[in-house]
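Shown next: work-v4.csv, given as CSV, C-alpha atoms.
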chain,number,residue,atom,x,y,z
A,1,MET,CA,-65.8,-99.0,31.3
A,2,LYS,CA,-69.5,-98.8,30.8
A,3,THR,CA,-71.3,-97.7,27.7
A,4,LEU,CA,-74.5,-95.8,27.2
A,5,PHE,CA,-76.2,-95.4,23.8
A,6,TYR,CA,-79.1,-93.0,24.3
A,7,PHE,CA,-81.3,-92.7,21.2
A,8,VAL,CA,-83.7,-89.7,21.6
A,9,ASP,CA,-86.3,-89.9,18.8
A,10,GLY,CA,-87.0,-86.5,17.3
A,11,PHE,CA,-84.2,-84.6,19.2
A,12,SER,CA,-83.7,-81.7,16.7
A,13,TRP,CA,-80.4,-79.9,16.3
A,14,ASN,CA,-82.3,-76.6,16.6
A,15,TYR,CA,-83.3,-77.6,20.2
A,16,LEU,CA,-79.7,-77.0,21.4
A,17,GLY,CA,-80.1,-73.3,20.5
A,18,ASP,CA,-77.5,-71.3,22.2
A,19,ARG,CA,-76.6,-74.2,24.5
A,20,SER,CA,-78.0,-72.4,27.5
A,21,ASN,CA,-80.2,-75.4,28.4
A,22,ARG,CA,-79.2,-78.6,30.2
A,23,PHE,CA,-77.1,-79.7,27.2
A,24,THR,CA,-74.3,-77.2,27.7
A,25,SER,CA,-71.1,-77.0,25.8
A,26,THR,CA,-69.2,-77.8,29.0
A,27,ASP,CA,-71.0,-81.2,29.6
A,28,TRP,CA,-71.2,-82.0,25.9
A,29,PRO,CA,-68.2,-80.4,24.1
A,30,GLN,CA,-68.6,-82.7,21.1
A,31,ALA,CA,-72.0,-81.8,19.7
A,32,ARG,CA,-72.8,-82.2,16.0
A,33,PRO,CA,-75.8,-82.0,13.7
A,34,LEU,CA,-77.0,-85.3,12.4
A,35,GLN,CA,-77.8,-85.5,8.7
A,36,THR,CA,-81.0,-87.5,8.5
A,37,VAL,CA,-82.3,-89.9,5.8
A,38,LEU,CA,-85.3,-89.2,3.6
A,39,GLY,CA,-88.1,-91.0,5.5
A,40,TYR,CA,-89.5,-91.5,9.0
A,41,SER,CA,-88.2,-93.3,12.0
A,42,SER,CA,-89.1,-96.6,10.3
A,43,SER,CA,-86.6,-95.6,7.6
A,44,ILE,CA,-83.9,-94.1,9.8
A,45,VAL,CA,-83.7,-96.3,12.9
A,46,PRO,CA,-82.5,-99.3,10.7
A,47,VAL,CA,-79.8,-97.0,9.3
A,48,LEU,CA,-78.7,-95.9,12.7
A,49,LEU,CA,-78.5,-99.5,14.0
A,50,SER,CA,-76.9,-101.1,11.0
A,51,GLY,CA,-75.1,-98.5,9.1
A,52,LYS,CA,-77.0,-99.5,5.9
A,53,LEU,CA,-79.0,-97.1,3.9
A,54,PRO,CA,-82.6,-98.1,2.8
A,55,VAL,CA,-81.4,-99.0,-0.7
A,56,GLU,CA,-79.0,-101.5,1.0
A,57,SER,CA,-81.3,-102.9,3.7
A,58,GLY,CA,-84.5,-102.9,1.7
A,59,LEU,CA,-86.5,-101.1,4.4
A,60,TRP,CA,-87.5,-97.6,3.5
A,61,THR,CA,-91.1,-96.8,4.5
A,62,GLU,CA,-93.2,-98.6,7.1
A,63,TYR,CA,-95.9,-99.6,4.6
A,64,TYR,CA,-95.1,-101.1,1.2
A,65,ARG,CA,-97.1,-102.6,-1.7
A,66,ASN,CA,-97.7,-106.3,-1.5
A,67,ASP,CA,-100.8,-107.4,-3.5
A,68,ARG,CA,-102.9,-110.2,-2.1
A,69,HIS,CA,-106.4,-111.5,-2.7
A,70,PRO,CA,-108.9,-109.2,-1.0
A,71,SER,CA,-110.9,-110.5,1.8
A,72,MET,CA,-114.6,-111.2,1.3
A,73,LEU,CA,-115.6,-107.9,2.9
A,74,GLY,CA,-112.9,-106.1,0.9
A,75,SER,CA,-114.3,-107.5,-2.3
A,76,ILE,CA,-117.8,-106.5,-1.5
A,77,ALA,CA,-116.7,-103.0,-0.4
A,78,GLY,CA,-114.8,-102.6,-3.7
A,79,ARG,CA,-118.0,-103.2,-5.6
A,80,SER,CA,-120.3,-101.1,-3.5
A,81,GLY,CA,-119.7,-97.7,-1.9
A,82,VAL,CA,-122.8,-98.2,0.2
A,83,VAL,CA,-121.1,-101.1,1.9
A,84,ALA,CA,-117.6,-99.6,2.0
A,85,THR,CA,-118.6,-96.4,3.9
A,86,PRO,CA,-119.9,-98.0,7.1
A,87,LEU,CA,-117.1,-100.6,7.1
A,88,ASN,CA,-114.4,-98.0,6.8
A,89,MET,CA,-116.1,-95.9,9.5
A,90,ALA,CA,-116.0,-98.9,11.8
A,91,ARG,CA,-112.3,-99.4,10.9
A,92,LEU,CA,-111.6,-95.7,11.9
A,93,ILE,CA,-113.2,-96.3,15.3
A,94,ALA,CA,-111.2,-99.5,15.7
A,95,PHE,CA,-108.1,-97.4,14.8
A,96,ARG,CA,-108.7,-95.0,17.6
A,97,ILE,CA,-109.0,-97.8,20.1
A,98,ALA,CA,-105.9,-99.6,18.7
A,99,ARG,CA,-103.9,-96.3,18.7
A,100,LYS,CA,-104.7,-95.7,22.4
A,101,ALA,CA,-103.7,-99.3,23.1
A,102,ASP,CA,-100.3,-98.6,21.4
A,103,TRP,CA,-100.8,-101.4,18.9
A,104,PRO,CA,-97.8,-101.1,16.5
A,105,GLY,CA,-99.9,-101.8,13.4
A,106,ALA,CA,-102.8,-99.5,14.3
A,107,HIS,CA,-102.5,-97.5,11.1
A,108,ARG,CA,-103.4,-100.5,9.0
A,109,LEU,CA,-107.0,-99.9,10.0
A,110,ARG,CA,-106.8,-96.4,8.3
A,111,ILE,CA,-106.3,-97.9,4.9
A,112,PRO,CA,-109.8,-98.3,3.2
A,113,ILE,CA,-110.8,-102.0,3.4
A,114,GLU,CA,-111.3,-102.1,-0.4
A,115,LEU,CA,-107.6,-101.2,-0.8
A,116,SER,CA,-106.0,-102.9,2.3
A,117,HIS,CA,-105.0,-106.0,0.3
A,118,HIS,CA,-102.6,-103.9,-1.7
A,119,PHE,CA,-100.4,-103.0,1.3
A,120,MET,CA,-98.4,-104.6,4.0
A,121,ARG,CA,-96.6,-103.3,7.0
A,122,HIS,CA,-93.0,-104.1,7.9
A,123,ALA,CA,-92.7,-105.9,11.2
A,124,ILE,CA,-91.4,-103.1,13.3
A,125,ASP,CA,-91.7,-102.9,17.1
A,126,TYR,CA,-89.7,-100.1,18.8
A,127,ARG,CA,-90.1,-101.8,22.1
A,128,ARG,CA,-87.6,-104.5,21.2
A,129,MET,CA,-84.0,-104.4,20.1
A,130,PRO,CA,-83.5,-104.5,17.2
A,131,PRO,CA,-87.0,-103.3,16.3
A,132,PHE,CA,-87.0,-104.9,12.9
A,133,THR,CA,-86.0,-108.2,11.3
A,134,LEU,CA,-83.6,-107.9,8.4
A,135,PRO,CA,-80.7,-110.0,7.1
A,136,ILE,CA,-78.2,-107.4,8.1
A,137,ALA,CA,-75.9,-107.0,11.1
A,138,THR,CA,-77.0,-104.5,13.8
A,139,ILE,CA,-75.4,-103.1,16.9
A,140,VAL,CA,-76.8,-106.0,18.8
A,141,ASP,CA,-74.6,-108.3,16.7
A,142,VAL,CA,-71.6,-106.1,17.4
A,143,CYS,CA,-72.2,-106.5,21.1
A,144,ALA,CA,-72.4,-110.2,20.8
A,145,LYS,CA,-69.2,-110.3,18.7
A,146,HIS,CA,-67.3,-108.6,21.6
A,147,ASP,CA,-69.1,-110.6,24.3
A,148,LEU,CA,-70.6,-107.5,25.7
A,149,ARG,CA,-73.8,-107.8,27.8
A,150,LEU,CA,-76.5,-105.5,26.5
A,151,SER,CA,-79.5,-104.1,28.2
A,152,PHE,CA,-82.3,-102.3,26.3
A,153,LYS,CA,-85.0,-100.0,27.7
A,154,PHE,CA,-87.8,-98.3,25.8
A,155,ILE,CA,-88.8,-94.9,27.3
A,156,GLU,CA,-92.2,-93.6,26.6
A,157,HIS,CA,-92.9,-91.4,29.6
A,158,GLU,CA,-91.3,-90.2,32.8
A,159,GLN,CA,-92.0,-93.4,34.8
A,160,ASP,CA,-90.2,-95.4,32.1
A,161,ALA,CA,-87.1,-93.2,32.5
A,162,ALA,CA,-87.2,-93.8,36.3
A,163,ASP,CA,-87.6,-97.5,35.7
A,164,ALA,CA,-84.7,-97.5,33.3
A,165,LEU,CA,-82.4,-95.9,35.9
A,166,ALA,CA,-83.7,-98.3,38.6
A,167,ALA,CA,-82.9,-101.3,36.3
A,168,ALA,CA,-79.5,-99.9,35.5
A,169,ARG,CA,-78.8,-99.4,39.2
A,170,ARG,CA,-79.8,-103.1,39.8
A,171,ASP,CA,-77.8,-104.5,36.9
A,172,ILE,CA,-74.8,-102.1,36.9
A,173,ASP,CA,-72.3,-105.0,37.7
A,174,ASP,CA,-73.8,-107.4,35.1
A,175,ILE,CA,-74.3,-105.1,32.1
A,176,ASP,CA,-71.7,-103.6,29.8
A,177,VAL,CA,-73.8,-101.7,27.4
A,178,PHE,CA,-77.0,-99.8,28.2
A,179,PHE,CA,-79.2,-98.8,25.3
A,180,PHE,CA,-82.1,-96.4,26.0
A,181,TYR,CA,-84.7,-95.7,23.2
A,182,ASP,CA,-86.6,-92.5,24.2
A,183,CYS,CA,-89.6,-91.4,22.2
A,184,THR,CA,-90.8,-88.6,24.5
A,185,ILE,CA,-89.2,-85.7,22.7
A,186,ASP,CA,-90.6,-86.8,19.4
A,187,HIS,CA,-94.1,-87.1,20.8
A,188,ALA,CA,-93.8,-83.7,22.5
A,189,GLY,CA,-92.4,-82.1,19.3
A,190,HIS,CA,-95.5,-83.4,17.3
A,191,THR,CA,-97.8,-82.0,20.0
A,192,TYR,CA,-96.2,-78.6,20.6
A,193,GLY,CA,-94.1,-78.1,17.5
A,194,PRO,CA,-90.4,-77.2,17.7
A,195,ASP,CA,-91.0,-74.8,20.6
A,196,ILE,CA,-88.0,-75.0,22.9
A,197,THR,CA,-89.9,-73.3,25.7
A,198,ALA,CA,-92.7,-75.9,25.6
A,199,LEU,CA,-90.2,-78.7,25.2
A,200,GLU,CA,-87.9,-77.6,28.0
A,201,PRO,CA,-89.4,-80.0,30.6
A,202,TYR,CA,-88.9,-83.0,28.2
A,203,LEU,CA,-85.4,-82.0,27.4
A,204,ASP,CA,-84.7,-81.5,31.1
A,205,ARG,CA,-86.0,-85.0,31.8
A,206,VAL,CA,-83.6,-86.5,29.2
A,207,ALA,CA,-80.7,-84.6,30.8
A,208,THR,CA,-81.7,-85.8,34.2
A,209,THR,CA,-81.7,-89.4,33.0
A,210,LEU,CA,-78.2,-88.9,31.6
A,211,ASP,CA,-77.1,-87.3,34.9
A,212,GLY,CA,-78.5,-90.3,36.7
A,213,MET,CA,-76.4,-92.7,34.6
A,214,TYR,CA,-73.3,-90.7,35.2
A,215,ASP,CA,-73.9,-90.6,39.0
A,216,LEU,CA,-74.5,-94.4,38.9
A,217,VAL,CA,-71.2,-95.2,37.0
A,218,ARG,CA,-68.8,-92.6,38.3
A,219,PRO,CA,-67.9,-94.0,41.7
A,220,ALA,CA,-66.2,-97.1,40.3
A,221,ASP,CA,-66.0,-96.8,36.5
A,222,THR,CA,-66.0,-94.5,33.5
A,223,LEU,CA,-68.9,-93.9,31.1
A,224,GLU,CA,-68.8,-93.6,27.3
A,225,ALA,CA,-72.0,-91.8,26.4
A,226,LEU,CA,-73.3,-91.3,22.8
A,227,VAL,CA,-76.6,-89.5,22.5
A,228,PHE,CA,-78.2,-89.4,19.0
A,229,SER,CA,-81.5,-88.8,17.3
A,230,ASP,CA,-82.9,-89.7,13.9
A,231,HIS,CA,-84.3,-86.4,12.6
A,232,GLY,CA,-85.3,-82.9,13.5
A,233,MET,CA,-88.8,-81.4,13.8
A,234,THR,CA,-90.5,-78.8,11.6
A,235,ALA,CA,-93.3,-76.4,12.5
A,236,VAL,CA,-96.4,-77.3,10.5
A,237,ALA,CA,-97.4,-74.3,8.4
A,238,ARG,CA,-100.3,-75.7,6.4
A,239,SER,CA,-101.9,-78.9,5.1
A,240,PHE,CA,-102.7,-80.0,1.6
A,241,ASP,CA,-105.6,-82.4,0.6
A,242,ILE,CA,-104.3,-84.8,-2.0
A,243,PHE,CA,-107.5,-86.8,-2.1
A,244,ALA,CA,-109.5,-83.7,-3.0
A,245,THR,CA,-107.0,-82.5,-5.5
A,246,LEU,CA,-107.0,-85.7,-7.5
A,247,LEU,CA,-110.7,-85.8,-8.0
A,248,PRO,CA,-112.4,-86.9,-10.3
A,249,LEU,CA,-109.7,-89.5,-10.6
A,250,ARG,CA,-110.4,-92.5,-8.4
A,251,ILE,CA,-107.9,-94.2,-6.2
A,252,GLY,CA,-108.0,-97.9,-6.7
A,253,ARG,CA,-109.3,-97.6,-10.2
A,254,ASP,CA,-107.3,-94.9,-12.1
A,255,PHE,CA,-104.2,-95.2,-9.8
A,256,LEU,CA,-103.1,-96.6,-6.5
A,257,ALA,CA,-101.7,-94.3,-3.8
A,258,PHE,CA,-100.4,-94.4,-0.2
A,259,PRO,CA,-100.4,-90.9,1.2
A,260,ASP,CA,-98.2,-90.6,4.3
A,261,SER,CA,-97.9,-87.3,6.3
A,262,THR,CA,-95.2,-85.8,4.0
A,263,PHE,CA,-95.0,-88.5,1.3
A,264,ALA,CA,-97.5,-89.5,-1.3
A,265,ARG,CA,-96.5,-92.7,-3.2
A,266,PHE,CA,-98.2,-93.7,-6.4
A,267,TRP,CA,-98.6,-96.8,-8.6
A,268,TYR,CA,-100.1,-96.6,-12.1
A,269,PRO,CA,-101.8,-99.0,-14.6
A,270,ASN,CA,-100.2,-97.2,-17.5
A,271,GLU,CA,-98.3,-94.0,-18.5
A,272,ARG,CA,-101.6,-92.1,-19.2
A,273,ALA,CA,-102.5,-92.5,-15.5
A,274,ARG,CA,-99.1,-91.2,-14.5
A,275,SER,CA,-99.6,-88.1,-16.6
A,276,ASP,CA,-103.1,-87.5,-15.2
A,277,VAL,CA,-101.9,-87.7,-11.6
A,278,ARG,CA,-98.9,-85.5,-12.2
A,279,TYR,CA,-101.1,-82.9,-14.0
A,280,ALA,CA,-103.6,-82.9,-11.2
A,281,LEU,CA,-100.8,-82.3,-8.7
A,282,ARG,CA,-98.9,-79.7,-10.8
A,283,ASP,CA,-99.4,-77.0,-8.2
A,284,ALA,CA,-99.1,-79.2,-5.1
A,285,PRO,CA,-96.7,-77.9,-2.4
A,286,GLY,CA,-94.1,-80.5,-3.0
A,287,SER,CA,-91.8,-82.1,-5.6
A,288,PHE,CA,-91.6,-85.5,-7.2
A,289,LEU,CA,-88.6,-87.6,-6.3
A,290,THR,CA,-86.1,-88.2,-9.2
A,291,GLU,CA,-83.8,-91.1,-9.7
A,292,ALA,CA,-80.9,-88.7,-9.0
A,293,ASP,CA,-82.5,-87.8,-5.7
A,294,ALA,CA,-82.8,-91.4,-4.8
A,295,VAL,CA,-79.1,-92.1,-5.5
A,296,ARG,CA,-78.2,-89.0,-3.4
A,297,TYR,CA,-80.5,-90.0,-0.5
A,298,GLY,CA,-79.7,-93.7,-0.6
A,299,VAL,CA,-83.4,-94.8,-1.0
A,300,PRO,CA,-85.0,-97.3,-3.4
A,301,TYR,CA,-86.8,-95.5,-6.2
A,302,PRO,CA,-88.5,-96.2,-8.5
A,303,ASP,CA,-89.5,-99.3,-6.7
A,304,ASP,CA,-92.5,-101.6,-7.2
A,305,ARG,CA,-92.9,-101.9,-3.4
A,306,TYR,CA,-92.4,-98.3,-2.3
A,307,GLY,CA,-93.7,-96.4,-5.3
A,308,GLU,CA,-93.4,-95.7,-9.0
A,309,ASP,CA,-93.8,-92.0,-8.1
A,310,VAL,CA,-93.1,-90.3,-4.8
A,311,LEU,CA,-94.3,-86.8,-4.1
A,312,VAL,CA,-92.3,-85.2,-1.1
A,313,ALA,CA,-94.0,-82.3,0.6
A,314,ASP,CA,-92.3,-78.9,0.9
A,315,GLU,CA,-90.9,-78.1,4.3
A,316,GLY,CA,-93.7,-77.3,6.7
A,317,VAL,CA,-96.5,-78.8,4.6
A,318,VAL,CA,-98.4,-82.0,5.6
A,319,PHE,CA,-100.6,-84.1,3.4
A,320,HIS,CA,-103.9,-84.3,5.3
A,321,PRO,CA,-105.9,-86.4,5.4
A,322,SER,CA,-103.5,-89.3,4.9
A,323,TYR,CA,-103.2,-92.9,6.2
A,324,ILE,CA,-100.5,-91.9,8.7
A,325,SER,CA,-101.8,-88.6,10.1
A,326,PRO,CA,-103.3,-88.6,13.6
A,327,THR,CA,-106.9,-88.3,12.2
A,328,PHE,CA,-108.3,-89.2,8.9
A,329,PHE,CA,-111.1,-86.7,8.9
A,330,ARG,CA,-110.9,-83.4,7.0
A,331,THR,CA,-110.6,-81.3,10.1
A,332,ALA,CA,-107.5,-79.2,10.9
A,333,PHE,CA,-104.3,-81.2,11.2
A,334,PRO,CA,-103.9,-81.6,15.0
A,335,ASP,CA,-100.1,-81.8,15.2
A,336,LYS,CA,-97.9,-78.7,15.4
A,337,GLY,CA,-94.7,-80.4,14.4
A,338,MET,CA,-93.8,-82.9,11.7
A,339,HIS,CA,-90.7,-84.5,10.1
A,340,GLY,CA,-90.1,-86.6,7.0
A,341,TYR,CA,-88.9,-83.8,4.7
A,342,ARG,CA,-85.9,-83.7,2.5
A,343,PRO,CA,-82.7,-84.0,4.4
A,344,GLU,CA,-81.4,-80.7,3.2
A,345,CYS,CA,-84.3,-78.8,4.8
A,346,PRO,CA,-82.9,-76.5,7.6
A,347,SER,CA,-85.1,-78.1,10.3
A,348,ALA,CA,-84.4,-81.7,9.3
A,349,ASP,CA,-81.1,-82.2,11.2
A,350,GLY,CA,-81.0,-84.4,14.3
A,351,VAL,CA,-78.3,-84.4,16.9
A,352,VAL,CA,-75.2,-86.3,18.0
A,353,LEU,CA,-73.7,-85.7,21.5
A,354,TYR,CA,-70.6,-87.5,22.8
A,355,SER,CA,-68.8,-87.6,26.1
A,356,GLY,CA,-65.9,-90.0,26.5
A,357,ASN,CA,-62.4,-90.7,25.4
A,358,VAL,CA,-62.7,-93.3,22.5
A,359,LEU,CA,-64.0,-90.9,19.9
A,360,ASP,CA,-62.0,-87.9,20.9
A,361,GLY,CA,-61.4,-85.8,17.7
A,362,GLU,CA,-63.2,-88.3,15.4
A,363,LEU,CA,-66.6,-86.6,14.9
A,364,ALA,CA,-67.3,-84.9,11.6
A,365,ASP,CA,-68.8,-81.5,11.4
A,366,ARG,CA,-72.1,-83.0,10.3
A,367,ILE,CA,-72.6,-86.7,10.9
A,368,PRO,CA,-74.6,-88.8,8.3
A,369,ALA,CA,-77.0,-91.1,10.0
A,370,ALA,CA,-75.4,-94.2,8.5
A,371,THR,CA,-72.1,-93.4,10.3
A,372,VAL,CA,-73.6,-93.5,13.8
A,373,PHE,CA,-73.3,-97.3,13.6
A,374,ASP,CA,-69.6,-96.9,13.0
A,375,LEU,CA,-69.2,-94.6,16.0
A,376,MET,CA,-71.0,-97.1,18.2
A,377,SER,CA,-68.9,-99.9,16.9
A,378,LYS,CA,-65.7,-98.1,17.7
A,379,ILE,CA,-66.8,-97.5,21.2
A,380,LEU,CA,-67.8,-101.2,21.6
A,381,ALA,CA,-64.4,-102.4,20.2
A,382,ALA,CA,-62.7,-100.3,22.9
A,383,ALA,CA,-65.0,-101.7,25.6
A,384,LYS,CA,-64.4,-105.4,24.8
How does this structure look as structure tokens?
Amino acid sequence: MKTLFYFVDGFSWNYLGDRSNRFTSTDWPQARPLQTVLGYSSSIVPVLLSGKLPVESGLWTEYYRNDRHPSMLGSIAGRSGVVATPLNMARLIAFRIARKADWPGAHRLRIPIELSHHFMRHAIDYRRMPPFTLPIATIVDVCAKHDLRLSFKFIEHEQDAADALAAARRDIDDIDVFFFYDCTIDHAGHTYGPDITALEPYLDRVATTLDGMYDLVRPADTLEALVFSDHGMTAVARSFDIFATLLPLRIGRDFLAFPDSTFARFWYPNERARSDVRYALRDAPGSFLTEADAVRYGVPYPDDRYGEDVLVADEGVVFHPSYISPTFFRTAFPDKGMHGYRPECPSADGVVLYSGNVLDGELADRIPAATVFDLMSKILAAAK
């Protein structure tokens, strides 16, 4: 018995449509929507791989507050806007170069230099398994527990998929568990939006890779295959400029904020500052997280690291400019698709597809992201 775990970032439940595409009900009779977690891939991937929600693992958003002494240039920029402006323009140019070079921490350059000493990025690298370092057991540890040999491949484009199949063909006798991490659907969803017609070539390529694994294993063995994603994809309807709305309040003086694409997280020097920010954002297309929300979603809030206040955008709205959007300039938001909305939004569901014998009849109607780890663990226990 061979095992394939195929994580397809951004594979939306809505992409299955009427199942007339390559993911038919005949090939994948056990298909379920995946209930996502409030956050981005940096939030959800640790949940999938460990079964622990962010409130348990301590990892929620990619960037968190971690105050340090500012650098010399940061101190100077904080005292003089004349100095800050050219320095931050240079950082934005460096960001574009770093982003093209696929540097994992490229977005750190988007944070203004006079504020950068307030924030830190979790050490996350999706090209390795596990992509994070936390004191919790992951699916890698489960493989080790059962003495199962694991192979990991990161798929960013079509050639990577071909390379993954070639490696599997070469190592088929020596590997028990193949783990593919495919980010192509997510990238395409951001670019084209949740348009099944535009995404069909990318979905077909994933299906072709799956077919290749079945063809490779079938002659001599059986394949347990679990395909899953982390979230859906939402069509971007409009953008909202938080920076402009908060004027004349000044970030770094009257409050501290970290605006993501669909989150805006705030820290305050006092309650008056909280009231001022909330009043300025009273008509914003979003809602502030409550402690009851946090308990329901399993996320840490309020939290000194992740935010004393968290504004979550309404479905289809993006906060732009922000520190995590593709461009910082106040031009039109370039992406047509986005995720990171509340899990109950209709477009937020990911997908779970299963083919095999171990989990027959064990899939819930809607699978919480945290239970994917349990499903993988059951398959591995049968494979030992």
Counting all atoms listed in the file, closest pick from A:Asp276, A:Asp304, A:Glu158, A:Asp221 relative to Thr209 of chain A is A:Glu158
At a cut-off of 7 Å, using all atoms listed in the file, what residues contact Val55 of chain A? Leave out same-chain residues fewer than 4 positions from it and give the result as a ChimeraX atom specification. /A:298-300
I need the residues from that last selection saved to file as a PDB file, in the frame of the given file (with C-alpha atoms), if you can.
ATOM      1  CA  GLY A 298     -79.700 -93.700  -0.600  1.00  0.00           C
ATOM      2  CA  VAL A 299     -83.400 -94.800  -1.000  1.00  0.00           C
ATOM      3  CA  PRO A 300     -85.000 -97.300  -3.400  1.00  0.00           C
TER       4      PRO A 300
END
Computed gap from atom CA of Val312 of chain A to atom CA of Phe288 of chain A is 6.1 Å
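In this structure, atom CA of Tyr306 of chain A sits 6.4 Å away from atom CA of Arg65 of chain A.
Atom CA of Leu199 of chain A is positioned 18.3 Å from atom CA of Leu353 of chain A.
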#### Entry: Radius query 7 Å about (-93.5, -74.2, 17.6), atoms used: all atoms listed in the file, as a ChimeraX atom specification
/A:192-195,235,336
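Residues within 9 Å of Ser261 of chain A, counting all atoms listed in the file and excluding same-chain residues fewer than 4 positions away, are Ala313, Val317, Val318, Phe319, His320, Pro321, Ser322, Tyr323, Ile324, Ser325, Met338, His339 and Gly340 of chain A.
Nearest-residue note for Asp141 of chain A: choosing from A:Ser50, A:Leu210, A:Asp18, A:Gly361, the minimum distance belongs to A:Ser50, counting all atoms listed in the file.
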Using all atoms listed in the file, what does the table of segment 2-32 of chain A residues within 10 Å of segment 182-185 of chain A look like, with each row giving the shortest atom pair and its distance in Å to one decimal, sorted by chain and ascending number, as CSV?
residue,atom,partner,partner_atom,distance
A:Tyr6,CA,A:Asp182,CA,7.5
A:Phe7,CA,A:Asp182,CA,6.1
A:Val8,CA,A:Asp182,CA,4.8
A:Asp9,CA,A:Cys183,CA,5.0
A:Gly10,CA,A:Ile185,CA,5.9
A:Phe11,CA,A:Ile185,CA,6.2
A:Ser12,CA,A:Ile185,CA,9.1
What would the file look like if the residues just selected were written as a tab-separated table (two decimals), keeping the file's coordinate frame with C-alpha atoms?
chain	number	residue	atom	x	y	z
A	6	TYR	CA	-79.10	-93.00	24.30
A	7	PHE	CA	-81.30	-92.70	21.20
A	8	VAL	CA	-83.70	-89.70	21.60
A	9	ASP	CA	-86.30	-89.90	18.80
A	10	GLY	CA	-87.00	-86.50	17.30
A	11	PHE	CA	-84.20	-84.60	19.20
A	12	SER	CA	-83.70	-81.70	16.70
Note to self: Show me, as a list in words, the residues that have an atom within 8 Å of Ile379 of chain A when counting only C-alpha atoms, minus same-chain residues fewer than 2 positions from it.
What the structure shows: Thr3, Glu224, Val358, Leu359, Leu375, Met376, Ser377, Ala381, Ala382 and Ala383 of chain A
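Nearest-residue note for Asn357 of chain A: choosing from A:Ser116, A:Ile172, A:Gln30, A:Phe23, the minimum distance belongs to A:Gln30, counting only C-alpha atoms.
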Applying 9 Å and only C-alpha atoms, which residues near segment 118-133 of chain A remain after dropping the ones on its own chain fewer than 6 positions away? List them as an mmCIF file with C-alpha atoms, in the coordinates of the input.
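Generated output (around-v6.cif):
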data_model
loop_
_atom_site.group_PDB
_atom_site.id
_atom_site.type_symbol
_atom_site.label_atom_id
_atom_site.label_comp_id
_atom_site.auth_asym_id
_atom_site.auth_seq_id
_atom_site.Cartn_x
_atom_site.Cartn_y
_atom_site.Cartn_z
ATOM 1 C CA SER A 42 -89.100 -96.600 10.300
ATOM 2 C CA VAL A 45 -83.700 -96.300 12.900
ATOM 3 C CA PRO A 46 -82.500 -99.300 10.700
ATOM 4 C CA LEU A 49 -78.500 -99.500 14.000
ATOM 5 C CA LEU A 59 -86.500 -101.100 4.400
ATOM 6 C CA THR A 61 -91.100 -96.800 4.500
ATOM 7 C CA GLU A 62 -93.200 -98.600 7.100
ATOM 8 C CA TYR A 63 -95.900 -99.600 4.600
ATOM 9 C CA TYR A 64 -95.100 -101.100 1.200
ATOM 10 C CA ARG A 65 -97.100 -102.600 -1.700
ATOM 11 C CA ASN A 66 -97.700 -106.300 -1.500
ATOM 12 C CA ASP A 67 -100.800 -107.400 -3.500
ATOM 13 C CA ARG A 68 -102.900 -110.200 -2.100
ATOM 14 C CA HIS A 69 -106.400 -111.500 -2.700
ATOM 15 C CA PRO A 70 -108.900 -109.200 -1.000
ATOM 16 C CA PRO A 104 -97.800 -101.100 16.500
ATOM 17 C CA GLY A 105 -99.900 -101.800 13.400
ATOM 18 C CA ARG A 108 -103.400 -100.500 9.000
ATOM 19 C CA ILE A 111 -106.300 -97.900 4.900
ATOM 20 C CA ILE A 139 -75.400 -103.100 16.900
ATOM 21 C CA VAL A 140 -76.800 -106.000 18.800
ATOM 22 C CA PHE A 152 -82.300 -102.300 26.300
ATOM 23 C CA LYS A 153 -85.000 -100.000 27.700
ATOM 24 C CA PHE A 154 -87.800 -98.300 25.800
ATOM 25 C CA ILE A 155 -88.800 -94.900 27.300
ATOM 26 C CA TYR A 181 -84.700 -95.700 23.200
ATOM 27 C CA LEU A 256 -103.100 -96.600 -6.500
ATOM 28 C CA PHE A 258 -100.400 -94.400 -0.200
ATOM 29 C CA ARG A 305 -92.900 -101.900 -3.400
#
In terms of all atoms listed in the file, the residue from A:Tyr341, A:Tyr279, A:Tyr268, A:Phe228 at minimal distance from Thr371 of chain A is A:Phe228
Select all residues near (-74.6, -83.9, 25.5) (cut-off 10 Å, inclusive, file coordinates), counting all atoms listed in the file, and output them as a CSV table (one decimal) with C-alpha atoms, in the frame of the given file.
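This is the output file result19.csv:
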chain,number,residue,atom,x,y,z
A,16,LEU,CA,-79.7,-77.0,21.4
A,19,ARG,CA,-76.6,-74.2,24.5
A,22,ARG,CA,-79.2,-78.6,30.2
A,23,PHE,CA,-77.1,-79.7,27.2
A,24,THR,CA,-74.3,-77.2,27.7
A,25,SER,CA,-71.1,-77.0,25.8
A,26,THR,CA,-69.2,-77.8,29.0
A,27,ASP,CA,-71.0,-81.2,29.6
A,28,TRP,CA,-71.2,-82.0,25.9
A,29,PRO,CA,-68.2,-80.4,24.1
A,30,GLN,CA,-68.6,-82.7,21.1
A,31,ALA,CA,-72.0,-81.8,19.7
A,32,ARG,CA,-72.8,-82.2,16.0
A,207,ALA,CA,-80.7,-84.6,30.8
A,210,LEU,CA,-78.2,-88.9,31.6
A,225,ALA,CA,-72.0,-91.8,26.4
A,226,LEU,CA,-73.3,-91.3,22.8
A,227,VAL,CA,-76.6,-89.5,22.5
A,228,PHE,CA,-78.2,-89.4,19.0
A,351,VAL,CA,-78.3,-84.4,16.9
A,352,VAL,CA,-75.2,-86.3,18.0
A,353,LEU,CA,-73.7,-85.7,21.5
A,354,TYR,CA,-70.6,-87.5,22.8
A,355,SER,CA,-68.8,-87.6,26.1
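Counting only C-alpha atoms, Val37 of chain A has the following residues at most 8 Å away, ignoring those fewer than 2 positions along the same chain: A:Gln35, A:Gly39, A:Ser43, A:Ile44, A:His231, A:Tyr297, A:Gly298, A:Arg342, A:Pro343, A:Ala369.
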